[in-house]
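Single-structure report; data block below.
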Amino acid sequence: MAVGIKAAYVKVGDQVIELDHSYLGVAKADIKGLSGNLTNINGSNMIQYTYAEPEKPTISLTVNRAGSALIAKLTGRKKVGKGSLYVNGDKLPLVGLAIVTTEIGGDMDYLFVFPRCRATVQNVSLSTNTDSKKNVTYDQITFNANSVPELGGKCEADGSIAVDTAPDELKALGWAEPTQNTGDFKDDASPVVPTVGKD
């Protein structure tokens with residue numbers, strides 16, 4: 001059993017980026033389709049055999065503050081004109097994703113690795129601030145894992161690892177040393193103050 005999200009890494013080209021404090025970390029990772037659906041073969045009024053469909057992992061990763069530059073790298077978005085705005089690109093780049101969690105009741109971490117993915121941002125939900133609450137919108141990125149020859153044609157690998165050895169495990173798969181502090185969150189930035197309508 002795992003508890004929390006300890007770290008997460010994305011691979012873009014030859015660069016491995018740790019989604020650390022400079023991105024305000026990762027809030028959630030919903031992983032589905034690690035194994036294919038089971039299908040029964042029926043005959044003579046009985047279930048004769050059961051087989052598994054191919055795995056189709058999808059990961060919905062919620063990053064507190066991914067920022068437009070990282071999202072563009074992951075999803076193939078391109079700048080439009082001379083400003084700071086992006087539009088969808090013509091093709092999705094190949095990227096990688098790794099998520100580290102802590103195992104309960106043992107001195108181990110647990111690592112999920114998706115070496116080859118395509119990523120998209122499909123939905124954004126914005127809500128108004130109120131007189132009692134600021135509504136924060138997080139960045140949700142969806143990764144669809146693809147098959148990789150290094151994993152025998154599978155899409156994903158996971159398992160228990162020694163504490164704080166995730167970068168070494170990733171390097172054993174051919175990933176580079178993770179870079180840190182590449183996000184643009186600044187602790188000393190001015191806070192956002194809601195504007196009040198004019199009288």
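Labeling convention for the structure tokens: chains A, B, ... as they appear, residues from 1 per chain, ligands from 1 in order of appearance.
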Compile the contact shell of Leu173 in chain A as number ranges by chain: residues with an atom at most 10 Å away, counting only C-alpha atoms, same-chain residues fewer than 6 positions apart removed.
A: 113, 115, 150-151, 167
Could you give me, as a PyMOL selection string, each residue of range 8-199 of chain A that DSSP assigns to helix (DSSP H, G or I) when run on this structure's backbone?
chain A and resi 21-23+67-75+149-151+166-172
Neighbouring residues of range 94-99 of chain A were defined as those with any atom within 8 Å, considering only C-alpha atoms; residues of the same chain fewer than 4 positions away were excluded. Please report them as a PyMOL selection string.
chain A and resi 5-13+74+111-119
The selected residues should be written to file as a PDB file, in the first residue's frame (atoms: C-alpha atoms).
ATOM      1  CA  ILE A   5       3.079  11.343  -3.984  1.00  0.00           C
ATOM      2  CA  LYS A   6       6.731  11.776  -3.129  1.00  0.00           C
ATOM      3  CA  ALA A   7       8.004  12.962  -6.519  1.00  0.00           C
ATOM      4  CA  ALA A   8       7.183  13.003 -10.202  1.00  0.00           C
ATOM      5  CA  TYR A   9       9.366  13.354 -13.288  1.00  0.00           C
ATOM      6  CA  VAL A  10       8.627  14.046 -16.930  1.00  0.00           C
ATOM      7  CA  LYS A  11      10.954  13.243 -19.816  1.00  0.00           C
ATOM      8  CA  VAL A  12      10.979  15.649 -22.753  1.00  0.00           C
ATOM      9  CA  GLY A  13      13.511  14.765 -25.443  1.00  0.00           C
ATOM     10  CA  LEU A  74       4.738  18.017 -23.178  1.00  0.00           C
ATOM     11  CA  LEU A 111       7.950   3.694  -8.668  1.00  0.00           C
ATOM     12  CA  PHE A 112       5.660   3.792 -11.706  1.00  0.00           C
ATOM     13  CA  VAL A 113       7.386   4.429 -15.047  1.00  0.00           C
ATOM     14  CA  PHE A 114       5.730   5.161 -18.382  1.00  0.00           C
ATOM     15  CA  PRO A 115       8.721   5.601 -20.738  1.00  0.00           C
ATOM     16  CA  ARG A 116       6.802   6.573 -23.878  1.00  0.00           C
ATOM     17  CA  CYS A 117       3.612   8.639 -23.769  1.00  0.00           C
ATOM     18  CA  ARG A 118       1.601  11.206 -25.666  1.00  0.00           C
ATOM     19  CA  ALA A 119       0.242  14.025 -23.513  1.00  0.00           C
TER      20      ALA A 119
END
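Distances from A:Asp187, A:Asp14, A:Asp164, A:Asp20 to Asp107 in chain A were compared using only C-alpha atoms, and the smallest one belongs to A:Asp164.
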Report the distance between CA of Leu70 in chain A and CA of Lys28 in chain A in Å, rounded to one decimal place.
17.4 Å
Nearest to Ser22 in chain A among A:Met108, A:Ala166, A:Val63, A:Gln122, with distances taken over only C-alpha atoms: which residue is it?
A:Val63
Write down as a ChimeraX atom specification the residues belonging to chain A that are assigned strand (DSSP E or B) by DSSP computed on the backbone.
/A:2-12,15-18,26-32,38-43,46-52,58-63,78-79,86-87,95-103,108-120,139-145,148,154,157-162,179
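Across the model, the gap from CA of Leu61 in chain A to CA of Lys32 in chain A is 11.5 Å.
Proximity to Ala2 in chain A at 9 Å, evaluated using only C-alpha atoms and with sequence-adjacent residues fewer than 5 positions away removed, yields A:Thr101, A:Thr102, A:Glu103, A:Ile104, A:Asp109, A:Tyr110.
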